[in-house]
$ cat structure.csv   # CSV, C-alpha atoms
chain,number,residue,atom,x,y,z
A,1,GLY,CA,-35.1,19.7,-13.7
A,2,TYR,CA,-36.8,22.8,-12.2
A,3,SER,CA,-38.4,23.6,-15.6
A,4,ILE,CA,-39.9,20.1,-15.9
A,5,TYR,CA,-41.0,20.3,-12.3
A,6,PHE,CA,-43.0,23.5,-12.8
A,7,TRP,CA,-44.3,22.3,-16.1
A,8,THR,CA,-45.4,19.1,-14.4
A,9,LEU,CA,-47.2,21.1,-11.8
A,10,SER,CA,-48.9,23.2,-14.4
A,11,HIS,CA,-50.2,20.4,-16.6
A,12,PHE,CA,-50.8,17.6,-14.1
A,13,PHE,CA,-51.6,19.4,-10.8
A,14,PHE,CA,-52.9,22.9,-11.3
A,15,THR,CA,-54.8,22.5,-14.6
A,16,PRO,CA,-56.9,19.5,-13.5
A,17,ARG,CA,-57.7,21.1,-10.2
A,18,SER,CA,-58.9,24.3,-11.9
A,19,ARG,CA,-61.1,22.3,-14.2
A,20,LEU,CA,-62.6,20.4,-11.3
A,21,GLY,CA,-63.2,23.5,-9.3
A,22,LEU,CA,-60.6,22.6,-6.6
A,23,ALA,CA,-58.1,24.9,-5.1
A,24,CYS,CA,-54.6,25.1,-6.4
A,25,ILE,CA,-51.6,25.7,-4.2
A,26,VAL,CA,-49.5,28.8,-4.4
A,27,GLY,CA,-45.9,27.9,-5.4
A,28,GLY,CA,-43.1,30.4,-5.4
A,29,THR,CA,-43.3,33.9,-6.6
A,30,GLY,CA,-45.6,33.6,-9.6
A,31,PHE,CA,-49.0,34.5,-8.0
A,32,MET,CA,-51.3,37.4,-7.3
A,33,PHE,CA,-54.2,37.8,-4.9
A,34,ALA,CA,-56.9,40.3,-3.9
A,35,ALA,CA,-55.7,42.8,-1.3
A,36,GLU,CA,-58.9,42.3,0.8
A,37,LEU,CA,-57.7,38.7,1.6
A,38,LEU,CA,-55.2,40.4,4.0
A,39,ASP,CA,-57.7,42.8,5.6
A,40,GLU,CA,-58.5,40.5,8.5
A,41,ASN,CA,-55.1,39.3,9.8
A,42,GLY,CA,-52.6,40.7,7.3
A,43,TRP,CA,-49.8,38.4,6.0
A,44,ASN,CA,-49.8,36.1,9.0
A,45,THR,CA,-47.5,33.1,8.4
A,46,HIS,CA,-45.2,31.2,10.6
A,47,THR,CA,-43.6,28.4,8.6
A,48,VAL,CA,-40.7,28.4,6.2
A,49,THR,CA,-43.0,27.9,3.2
A,50,GLU,CA,-45.2,30.9,3.4
A,51,ASP,CA,-46.8,30.3,0.0
A,52,MET,CA,-48.0,26.9,1.1
A,53,GLU,CA,-49.2,28.2,4.4
A,54,PHE,CA,-51.0,31.1,2.8
A,55,SER,CA,-52.7,28.6,0.4
A,56,ALA,CA,-54.0,26.5,3.3
A,57,GLN,CA,-55.3,29.5,5.1
A,58,GLN,CA,-57.4,30.5,2.1
A,59,VAL,CA,-58.7,27.0,1.4
A,60,LEU,CA,-59.9,26.8,5.0
A,61,LYS,CA,-61.7,30.2,4.6
A,62,GLY,CA,-63.5,28.9,1.5
A,63,VAL,CA,-61.4,30.9,-0.9
A,64,ARG,CA,-60.7,29.1,-4.2
A,65,LEU,CA,-57.2,29.5,-5.6
A,66,GLY,CA,-57.3,29.3,-9.4
A,67,PHE,CA,-54.6,28.8,-12.1
A,68,CYS,CA,-54.0,31.0,-15.1
A,69,ARG,CA,-52.2,29.1,-17.9
A,70,GLU,CA,-51.7,32.3,-19.9
A,71,ALA,CA,-49.6,34.0,-17.2
A,72,ARG,CA,-45.9,34.3,-17.7
A,73,PHE,CA,-43.3,35.1,-15.1
A,74,TYR,CA,-39.6,34.6,-14.8
A,75,ASP,CA,-37.7,33.3,-11.7
A,76,GLU,CA,-34.1,32.2,-11.5
A,77,GLN,CA,-33.7,28.8,-9.9
A,78,PRO,CA,-30.7,27.1,-8.4
A,79,THR,CA,-28.1,25.8,-10.8
A,80,LYS,CA,-26.0,23.8,-8.4
A,81,LEU,CA,-27.2,20.5,-6.8
A,82,LYS,CA,-26.2,21.6,-3.3
A,83,GLN,CA,-28.3,24.8,-3.6
A,84,SER,CA,-31.2,22.8,-5.0
A,85,CYS,CA,-31.1,20.3,-2.2
A,86,ARG,CA,-31.0,23.1,0.4
A,87,GLN,CA,-34.0,24.7,-1.2
A,88,ARG,CA,-36.0,21.5,-1.5
A,89,TYR,CA,-35.1,20.6,2.1
A,90,ARG,CA,-36.7,23.9,3.2
A,91,TRP,CA,-39.8,23.1,1.1
A,92,ALA,CA,-40.0,19.6,2.8
A,93,VAL,CA,-39.6,21.1,6.3
A,94,GLY,CA,-42.2,23.7,5.5
A,95,ASN,CA,-44.7,21.1,4.2
A,96,LEU,CA,-44.3,19.1,7.4
A,97,GLN,CA,-44.7,22.2,9.5
A,98,CYS,CA,-47.9,23.0,7.6
A,99,LEU,CA,-49.0,19.3,8.0
A,100,SER,CA,-48.7,19.4,11.8
A,101,TYR,CA,-50.3,22.9,12.1
A,102,PHE,CA,-53.2,22.5,9.6
A,103,VAL,CA,-54.2,18.8,9.8
A,104,PRO,CA,-56.1,19.2,13.1
A,105,ARG,CA,-57.9,22.3,11.7
A,106,ILE,CA,-58.7,20.5,8.5
A,107,PHE,CA,-60.3,17.6,10.4
A,108,ARG,CA,-62.3,20.0,12.5
A,109,GLU,CA,-63.6,21.7,9.3
A,110,LEU,CA,-64.4,18.3,7.8
A,111,VAL,CA,-66.6,17.5,10.8
A,112,ARG,CA,-68.2,21.0,10.9
A,113,LYS,CA,-68.7,21.6,7.1
A,114,PRO,CA,-67.3,18.8,4.9
A,115,ARG,CA,-65.8,19.9,1.5
A,116,PHE,CA,-63.8,17.9,-0.9
A,117,ALA,CA,-61.3,20.8,-1.0
A,118,HIS,CA,-60.3,19.9,2.6
A,119,VAL,CA,-59.7,16.2,1.6
A,120,ASP,CA,-57.6,17.4,-1.3
A,121,LEU,CA,-55.5,19.6,1.0
A,122,LEU,CA,-54.9,16.7,3.3
A,123,ILE,CA,-53.7,14.5,0.4
A,124,PHE,CA,-51.3,17.3,-0.7
A,125,PHE,CA,-49.8,17.7,2.8
A,126,PHE,CA,-49.4,14.0,3.3
A,127,SER,CA,-47.7,13.6,-0.1
A,128,ILE,CA,-44.2,14.7,1.0
A,129,LEU,CA,-44.5,12.6,4.1
A,130,SER,CA,-45.3,9.5,2.1
A,131,ALA,CA,-42.5,10.3,-0.4
A,132,GLY,CA,-40.0,10.1,2.5
A,133,LEU,CA,-41.6,6.9,3.9
A,134,VAL,CA,-41.2,5.2,0.5
A,135,VAL,CA,-37.4,5.3,1.1
A,136,ILE,CA,-37.9,3.6,4.4
A,137,ASN,CA,-40.1,1.0,2.8
A,138,SER,CA,-37.5,0.2,0.2
A,139,ALA,CA,-34.8,-0.1,2.8
A,140,LEU,CA,-36.9,-2.4,4.9
A,141,SER,CA,-37.7,-4.6,1.8
A,142,LEU,CA,-33.9,-5.0,1.2
A,143,LEU,CA,-33.4,-5.9,4.9
A,144,LEU,CA,-36.2,-8.4,4.8
A,145,GLY,CA,-34.7,-9.9,1.7
A,146,ALA,CA,-31.3,-10.2,3.4
A,147,LEU,CA,-32.8,-11.8,6.4
A,148,THR,CA,-34.7,-14.4,4.3
A,149,HIS,CA,-31.4,-15.5,2.8
A,150,MET,CA,-31.8,-14.0,-0.7
A,151,THR,CA,-28.6,-14.4,-2.8
A,152,PRO,CA,-26.6,-11.2,-3.2
A,153,LEU,CA,-27.4,-11.1,-6.9
A,154,ALA,CA,-31.1,-11.4,-6.3
A,155,LEU,CA,-30.9,-8.7,-3.6
A,156,VAL,CA,-29.2,-6.3,-5.9
A,157,PHE,CA,-31.6,-7.2,-8.7
A,158,SER,CA,-34.6,-6.5,-6.5
A,159,PHE,CA,-33.2,-3.1,-5.7
A,160,VAL,CA,-31.7,-2.0,-9.1
A,161,MET,CA,-34.6,-3.1,-11.3
A,162,PRO,CA,-37.3,-0.9,-9.6
A,163,VAL,CA,-34.9,2.0,-9.5
A,164,LEU,CA,-34.0,1.7,-13.2
A,165,GLY,CA,-37.6,1.0,-14.2
A,166,GLY,CA,-38.7,4.1,-12.2
A,167,ALA,CA,-36.0,6.2,-13.9
A,168,VAL,CA,-37.2,5.1,-17.4
A,169,ILE,CA,-40.8,6.0,-16.5
A,170,MET,CA,-39.6,9.4,-15.2
A,171,VAL,CA,-37.7,10.1,-18.4
A,172,LEU,CA,-40.7,9.3,-20.4
A,173,GLN,CA,-42.9,11.5,-18.2
A,174,GLY,CA,-40.3,14.3,-18.6
A,175,MET,CA,-40.4,14.0,-22.4
A,176,LEU,CA,-44.2,14.1,-22.3
A,177,THR,CA,-44.2,17.1,-20.1
A,178,VAL,CA,-41.7,19.0,-22.3
A,179,LYS,CA,-43.9,18.3,-25.4
A,180,MET,CA,-47.1,19.4,-23.5
A,181,ALA,CA,-45.3,22.6,-22.6
A,182,GLY,CA,-44.7,23.2,-26.3
A,183,LYS,CA,-40.9,23.0,-25.9
A,184,ARG,CA,-38.3,21.2,-28.0
A,185,LEU,CA,-37.0,17.8,-26.7
A,186,ARG,CA,-33.5,18.5,-28.0
A,187,ALA,CA,-33.2,21.8,-26.1
A,188,ASN,CA,-34.2,20.0,-22.9
A,189,VAL,CA,-32.2,16.8,-23.1
A,190,LYS,CA,-30.1,17.6,-19.9
A,191,GLY,CA,-33.2,18.3,-17.9
A,192,ILE,CA,-35.0,15.2,-19.1
A,193,LEU,CA,-32.1,12.9,-18.4
A,194,GLY,CA,-31.5,14.6,-15.0
A,195,TRP,CA,-35.2,14.4,-14.0
A,196,PRO,CA,-34.9,11.0,-12.3
A,197,LEU,CA,-31.9,12.3,-10.2
A,198,PHE,CA,-34.0,15.4,-9.3
A,199,LEU,CA,-36.9,13.2,-8.1
A,200,TYR,CA,-34.8,10.5,-6.4
A,201,THR,CA,-32.8,13.1,-4.4
A,202,TRP,CA,-36.0,14.7,-3.4
A,203,SER,CA,-37.3,11.5,-1.9
A,204,LEU,CA,-34.1,11.3,0.2
A,205,ILE,CA,-34.5,15.0,1.2
A,206,ASN,CA,-38.1,14.3,2.3
A,207,LEU,CA,-36.9,11.4,4.4
A,208,TYR,CA,-34.2,13.6,6.0
A,209,ALA,CA,-36.7,16.3,6.8
A,210,ILE,CA,-38.9,13.8,8.7
A,211,PHE,CA,-36.2,13.2,11.2
A,212,TYR,CA,-34.3,16.5,11.2
A,213,ARG,CA,-35.9,19.8,10.8
A,214,LYS,CA,-33.6,22.8,11.1
A,215,VAL,CA,-33.6,25.4,8.5
A,216,GLU,CA,-31.2,28.2,8.2
A,217,TRP,CA,-32.4,30.6,5.5
A,218,LYS,CA,-29.6,31.0,3.0
A,219,PRO,CA,-30.1,33.1,-0.1
A,220,ILE,CA,-29.7,31.5,-3.6
A,221,HIS,CA,-27.0,33.2,-5.4
A,222,HIS,CA,-28.3,34.5,-8.8
A,223,THR,CA,-25.3,34.7,-11.2
A,224,LYS,CA,-26.9,34.3,-14.6
A,225,THR,CA,-27.7,37.2,-16.8
A,226,VAL,CA,-30.4,36.6,-19.5
A,227,SER,CA,-31.4,39.2,-22.0
A,228,ILE,CA,-35.0,39.9,-23.0
A,229,GLU,CA,-34.2,38.8,-26.5
A,230,LYS,CA,-33.0,35.4,-25.3
A,231,VAL,CA,-36.2,35.0,-23.2
A,232,ASN,CA,-38.3,35.8,-26.2
A,233,ARG,CA,-36.4,33.3,-28.3
A,234,ALA,CA,-36.9,30.6,-25.7
A,235,ASN,CA,-40.7,31.3,-25.7
A,236,THR,CA,-40.8,30.6,-29.4
A,237,ASP,CA,-38.8,27.4,-29.3

$ encode --input "structure.csv" --output "structure tokens"
Amino acid sequence: GYSIYFWTLSHFFFTPRSRLGLACIVGGTGFMFAAELLDENGWNTHTVTEDMEFSAQQVLKGVRLGFCREARFYDEQPTKLKQSCRQRYRWAVGNLQCLSYFVPRIFRELVRKPRFAHVDLLIFFFSILSAGLVVINSALSLLLGALTHMTPLALVFSFVMPVLGGAVIMVLQGMLTVKMAGKRLRANVKGILGWPLFLYTWSLINLYAIFYRKVEWKPIHHTKTVSIEKVNRANTD
């Protein structure tokens, strides 16, 4: 799931923004920046998603964050669902922290010196909030159906079909992303089939973060050993 997630970001988020001259968003450990960007205030972040906060700071200063498709870096991600949910919950909380902190500043900049990069940043920050609200919308739709005397079968059908339809689309999108990344479908079957679970659980995590924001930093245990030979073989698959 994580591989498809980062490949999705690379092909459908970072690459189009780079080609349109918009700013990308720093995500995780695979980034570099000029040291002079820290000359004024140093590394001055306050949220639990420092990379996202650093990105917003640079966009507001007029710095463009680019994307290098040729760069390669390696980072071990969670292998257990509980660890994954904990990590993505921290990301969701950090996004909402950035939203509350930066949105007023972005609106002020839009009034003072409008730039489409500011609008793009607003859309990004509101995306996680909207992903959580989608869950509420689905629940309210089911409640409305129950109050309007829909039959149990029709009620179940109205919930199951969109979920199944969405899962099919996610699987197809996962397959497309794997092919665009130049990887073999057979080697990524588990990730492709688990992609809908990855996204659906993320929607629930985003909803939870809207109402409860308490993050205790817990390290992700790295237990997998990968040789450089195996890494090289994976790059050629």

$ closest_residue --input "structure.csv" --among "A:Ala139, A:Ile123, A:Leu144, A:Leu81" --to "Trp202 of chain A" --atoms "all atoms listed in the file"
A:Leu81

$ atom_distance --input "structure.csv" --atom1 "atom CA of Ser227 of chain A" --atom2 "atom CA of Arg88 of chain A"
27.5 Å

$ residues_around --input "structure.csv" --residues "segment 179-183 of chain A" --least-positions-apart "5" --cutoff "12 Å" --atoms "only C-alpha atoms" --output "VMD selection string"
chain A and resid 3 to 12 69 to 70 172 to 174 188 to 189 192 233 to 237

$ residues_around --input "structure.csv" --residues "segment 101-113 of chain A" --least-positions-apart "4" --cutoff "8 Å" --atoms "all atoms listed in the file" --output "PyMOL selection string"
chain A and resi 56+60+97+118+122

$ closest_residue --input "structure.csv" --among "A:Arg184, A:Lys80, A:Lys230, A:Lys214" --to "Tyr2 of chain A" --atoms "all atoms listed in the file"
A:Lys80

$ atom_distance --input "structure.csv" --atom1 "atom CA of Cys85 of chain A" --atom2 "atom CA of Arg17 of chain A"
27.8 Å

$ closest_residue --input "structure.csv" --among "A:Val134, A:Cys98, A:Ile210, A:Leu199" --to "His46 of chain A" --atoms "all atoms listed in the file"
A:Cys98

$ closest_residue --input "structure.csv" --among "A:Leu38, A:Asp120, A:Thr29, A:Val226" --to "Phe13 of chain A" --atoms "all atoms listed in the file"
A:Asp120

$ atom_distance --input "structure.csv" --atom1 "atom CA of Leu197 of chain A" --atom2 "atom CA of Gly1 of chain A"
8.8 Å

$ closest_residue --input "structure.csv" --among "A:Ser127, A:Asn95, A:Ser18, A:Ser55" --to "Arg213 of chain A" --atoms "only C-alpha atoms"
A:Asn95

$ closest_residue --input "structure.csv" --among "A:Pro16, A:Ser100, A:Gln58, A:Met52" --to "Glu36 of chain A" --atoms "all atoms listed in the file"
A:Gln58

$ residues_around --input "structure.csv" --residues "Phe31 of chain A" --least-positions-apart "5" --cutoff "12 Å" --atoms "only C-alpha atoms" --output "list in words"
Cys24, Ile25, Val26, Asp51, Met52, Phe54, Ser55, Leu65, Gly66, Phe67, Cys68, Arg69, Ala71, Arg72, Phe73, Tyr74 and Asp75 of chain A

$ decode --input "structure.csv" --residues "segment 36-48 of chain A" --atoms "all heavy atoms" --output "mmCIF file, in the first residue's frame"
data_model
loop_
_atom_site.group_PDB
_atom_site.id
_atom_site.type_symbol
_atom_site.label_atom_id
_atom_site.label_comp_id
_atom_site.auth_asym_id
_atom_site.auth_seq_id
_atom_site.Cartn_x
_atom_site.Cartn_y
_atom_site.Cartn_z
ATOM 1 N N GLU A 36 20.575 28.010 2.791
ATOM 2 C CA GLU A 36 20.217 29.413 3.060
ATOM 3 C C GLU A 36 18.740 29.598 3.394
ATOM 4 O O GLU A 36 18.345 30.644 3.929
ATOM 5 C CB GLU A 36 20.595 30.310 1.884
ATOM 6 C CG GLU A 36 20.000 29.901 0.557
ATOM 7 C CD GLU A 36 20.988 29.103 -0.282
ATOM 8 O OE1 GLU A 36 21.871 28.452 0.304
ATOM 9 O OE2 GLU A 36 20.869 29.155 -1.521
ATOM 10 N N LEU A 37 17.906 28.602 3.097
ATOM 11 C CA LEU A 37 16.492 28.715 3.476
ATOM 12 C C LEU A 37 16.312 28.733 4.985
ATOM 13 O O LEU A 37 15.271 29.162 5.480
ATOM 14 C CB LEU A 37 15.693 27.548 2.886
ATOM 15 C CG LEU A 37 15.549 27.522 1.362
ATOM 16 C CD1 LEU A 37 14.770 26.295 0.924
ATOM 17 C CD2 LEU A 37 14.862 28.792 0.861
ATOM 18 N N LEU A 38 17.315 28.268 5.711
ATOM 19 C CA LEU A 38 17.233 28.239 7.175
ATOM 20 C C LEU A 38 17.955 29.411 7.828
ATOM 21 O O LEU A 38 17.987 29.500 9.058
ATOM 22 C CB LEU A 38 17.826 26.926 7.713
ATOM 23 C CG LEU A 38 17.219 25.626 7.182
ATOM 24 C CD1 LEU A 38 17.887 24.435 7.862
ATOM 25 C CD2 LEU A 38 15.714 25.587 7.433
ATOM 26 N N ASP A 39 18.530 30.296 7.006
ATOM 27 C CA ASP A 39 19.331 31.385 7.570
ATOM 28 C C ASP A 39 18.509 32.332 8.433
ATOM 29 O O ASP A 39 18.990 32.855 9.438
ATOM 30 C CB ASP A 39 20.008 32.180 6.443
ATOM 31 C CG ASP A 39 21.136 31.392 5.792
ATOM 32 O OD1 ASP A 39 21.552 30.380 6.386
ATOM 33 O OD2 ASP A 39 21.582 31.779 4.691
ATOM 34 N N GLU A 40 17.242 32.571 8.040
ATOM 35 C CA GLU A 40 16.441 33.578 8.735
ATOM 36 C C GLU A 40 15.923 33.089 10.079
ATOM 37 O O GLU A 40 16.112 33.748 11.106
ATOM 38 C CB GLU A 40 15.261 33.996 7.851
ATOM 39 C CG GLU A 40 14.449 35.138 8.438
ATOM 40 C CD GLU A 40 13.343 35.598 7.498
ATOM 41 O OE1 GLU A 40 13.340 35.153 6.324
ATOM 42 O OE2 GLU A 40 12.497 36.384 7.935
ATOM 43 N N ASN A 41 15.251 31.945 10.100
ATOM 44 C CA ASN A 41 14.628 31.468 11.333
ATOM 45 C C ASN A 41 15.062 30.065 11.741
ATOM 46 O O ASN A 41 14.556 29.515 12.721
ATOM 47 C CB ASN A 41 13.093 31.472 11.196
ATOM 48 C CG ASN A 41 12.537 32.872 10.993
ATOM 49 O OD1 ASN A 41 12.898 33.792 11.725
ATOM 50 N ND2 ASN A 41 11.690 33.042 9.997
ATOM 51 N N GLY A 42 15.971 29.461 10.990
ATOM 52 C CA GLY A 42 16.355 28.089 11.306
ATOM 53 C C GLY A 42 15.223 27.123 10.982
ATOM 54 O O GLY A 42 14.284 27.454 10.253
ATOM 55 N N TRP A 43 15.336 25.927 11.514
ATOM 56 C CA TRP A 43 14.253 24.936 11.344
ATOM 57 C C TRP A 43 13.219 25.223 12.417
ATOM 58 O O TRP A 43 13.338 24.767 13.558
ATOM 59 C CB TRP A 43 14.795 23.510 11.442
ATOM 60 C CG TRP A 43 13.752 22.482 11.130
ATOM 61 C CD1 TRP A 43 12.909 21.896 12.020
ATOM 62 C CD2 TRP A 43 13.409 21.958 9.834
ATOM 63 N NE1 TRP A 43 12.057 21.030 11.364
ATOM 64 C CE2 TRP A 43 12.349 21.036 10.026
ATOM 65 C CE3 TRP A 43 13.892 22.166 8.550
ATOM 66 C CZ2 TRP A 43 11.771 20.328 8.972
ATOM 67 C CZ3 TRP A 43 13.322 21.461 7.512
ATOM 68 C CH2 TRP A 43 12.275 20.550 7.726
ATOM 69 N N ASN A 44 12.193 25.953 12.056
ATOM 70 C CA ASN A 44 11.237 26.482 13.031
ATOM 71 C C ASN A 44 9.851 25.902 12.761
ATOM 72 O O ASN A 44 9.016 26.512 12.089
ATOM 73 C CB ASN A 44 11.208 28.014 12.939
ATOM 74 C CG ASN A 44 10.340 28.630 14.014
ATOM 75 O OD1 ASN A 44 10.136 28.046 15.082
ATOM 76 N ND2 ASN A 44 9.820 29.813 13.745
ATOM 77 N N THR A 45 9.601 24.711 13.275
ATOM 78 C CA THR A 45 8.301 24.060 13.074
ATOM 79 C C THR A 45 7.687 23.703 14.425
ATOM 80 O O THR A 45 8.396 23.507 15.411
ATOM 81 C CB THR A 45 8.447 22.777 12.231
ATOM 82 O OG1 THR A 45 9.353 21.878 12.884
ATOM 83 C CG2 THR A 45 8.973 23.099 10.845
ATOM 84 N N HIS A 46 6.342 23.602 14.430
ATOM 85 C CA HIS A 46 5.631 23.381 15.688
ATOM 86 C C HIS A 46 4.594 22.259 15.600
ATOM 87 O O HIS A 46 4.008 21.883 16.608
ATOM 88 C CB HIS A 46 4.916 24.674 16.126
ATOM 89 C CG HIS A 46 5.826 25.862 16.179
ATOM 90 N ND1 HIS A 46 6.697 26.096 17.227
ATOM 91 C CD2 HIS A 46 6.035 26.890 15.299
ATOM 92 C CE1 HIS A 46 7.380 27.204 17.005
ATOM 93 N NE2 HIS A 46 6.997 27.706 15.838
ATOM 94 N N THR A 47 4.341 21.747 14.423
ATOM 95 C CA THR A 47 3.327 20.704 14.269
ATOM 96 C C THR A 47 3.993 19.321 14.281
ATOM 97 O O THR A 47 5.221 19.216 14.323
ATOM 98 C CB THR A 47 2.545 20.879 12.950
ATOM 99 O OG1 THR A 47 3.431 20.613 11.845
ATOM 100 C CG2 THR A 47 2.011 22.299 12.832
ATOM 101 N N VAL A 48 3.155 18.287 14.215
ATOM 102 C CA VAL A 48 3.698 16.923 14.210
ATOM 103 C C VAL A 48 4.007 16.437 12.799
ATOM 104 O O VAL A 48 4.420 15.299 12.613
ATOM 105 C CB VAL A 48 2.735 15.939 14.911
ATOM 106 C CG1 VAL A 48 2.628 16.262 16.393
ATOM 107 C CG2 VAL A 48 1.374 15.933 14.250
#
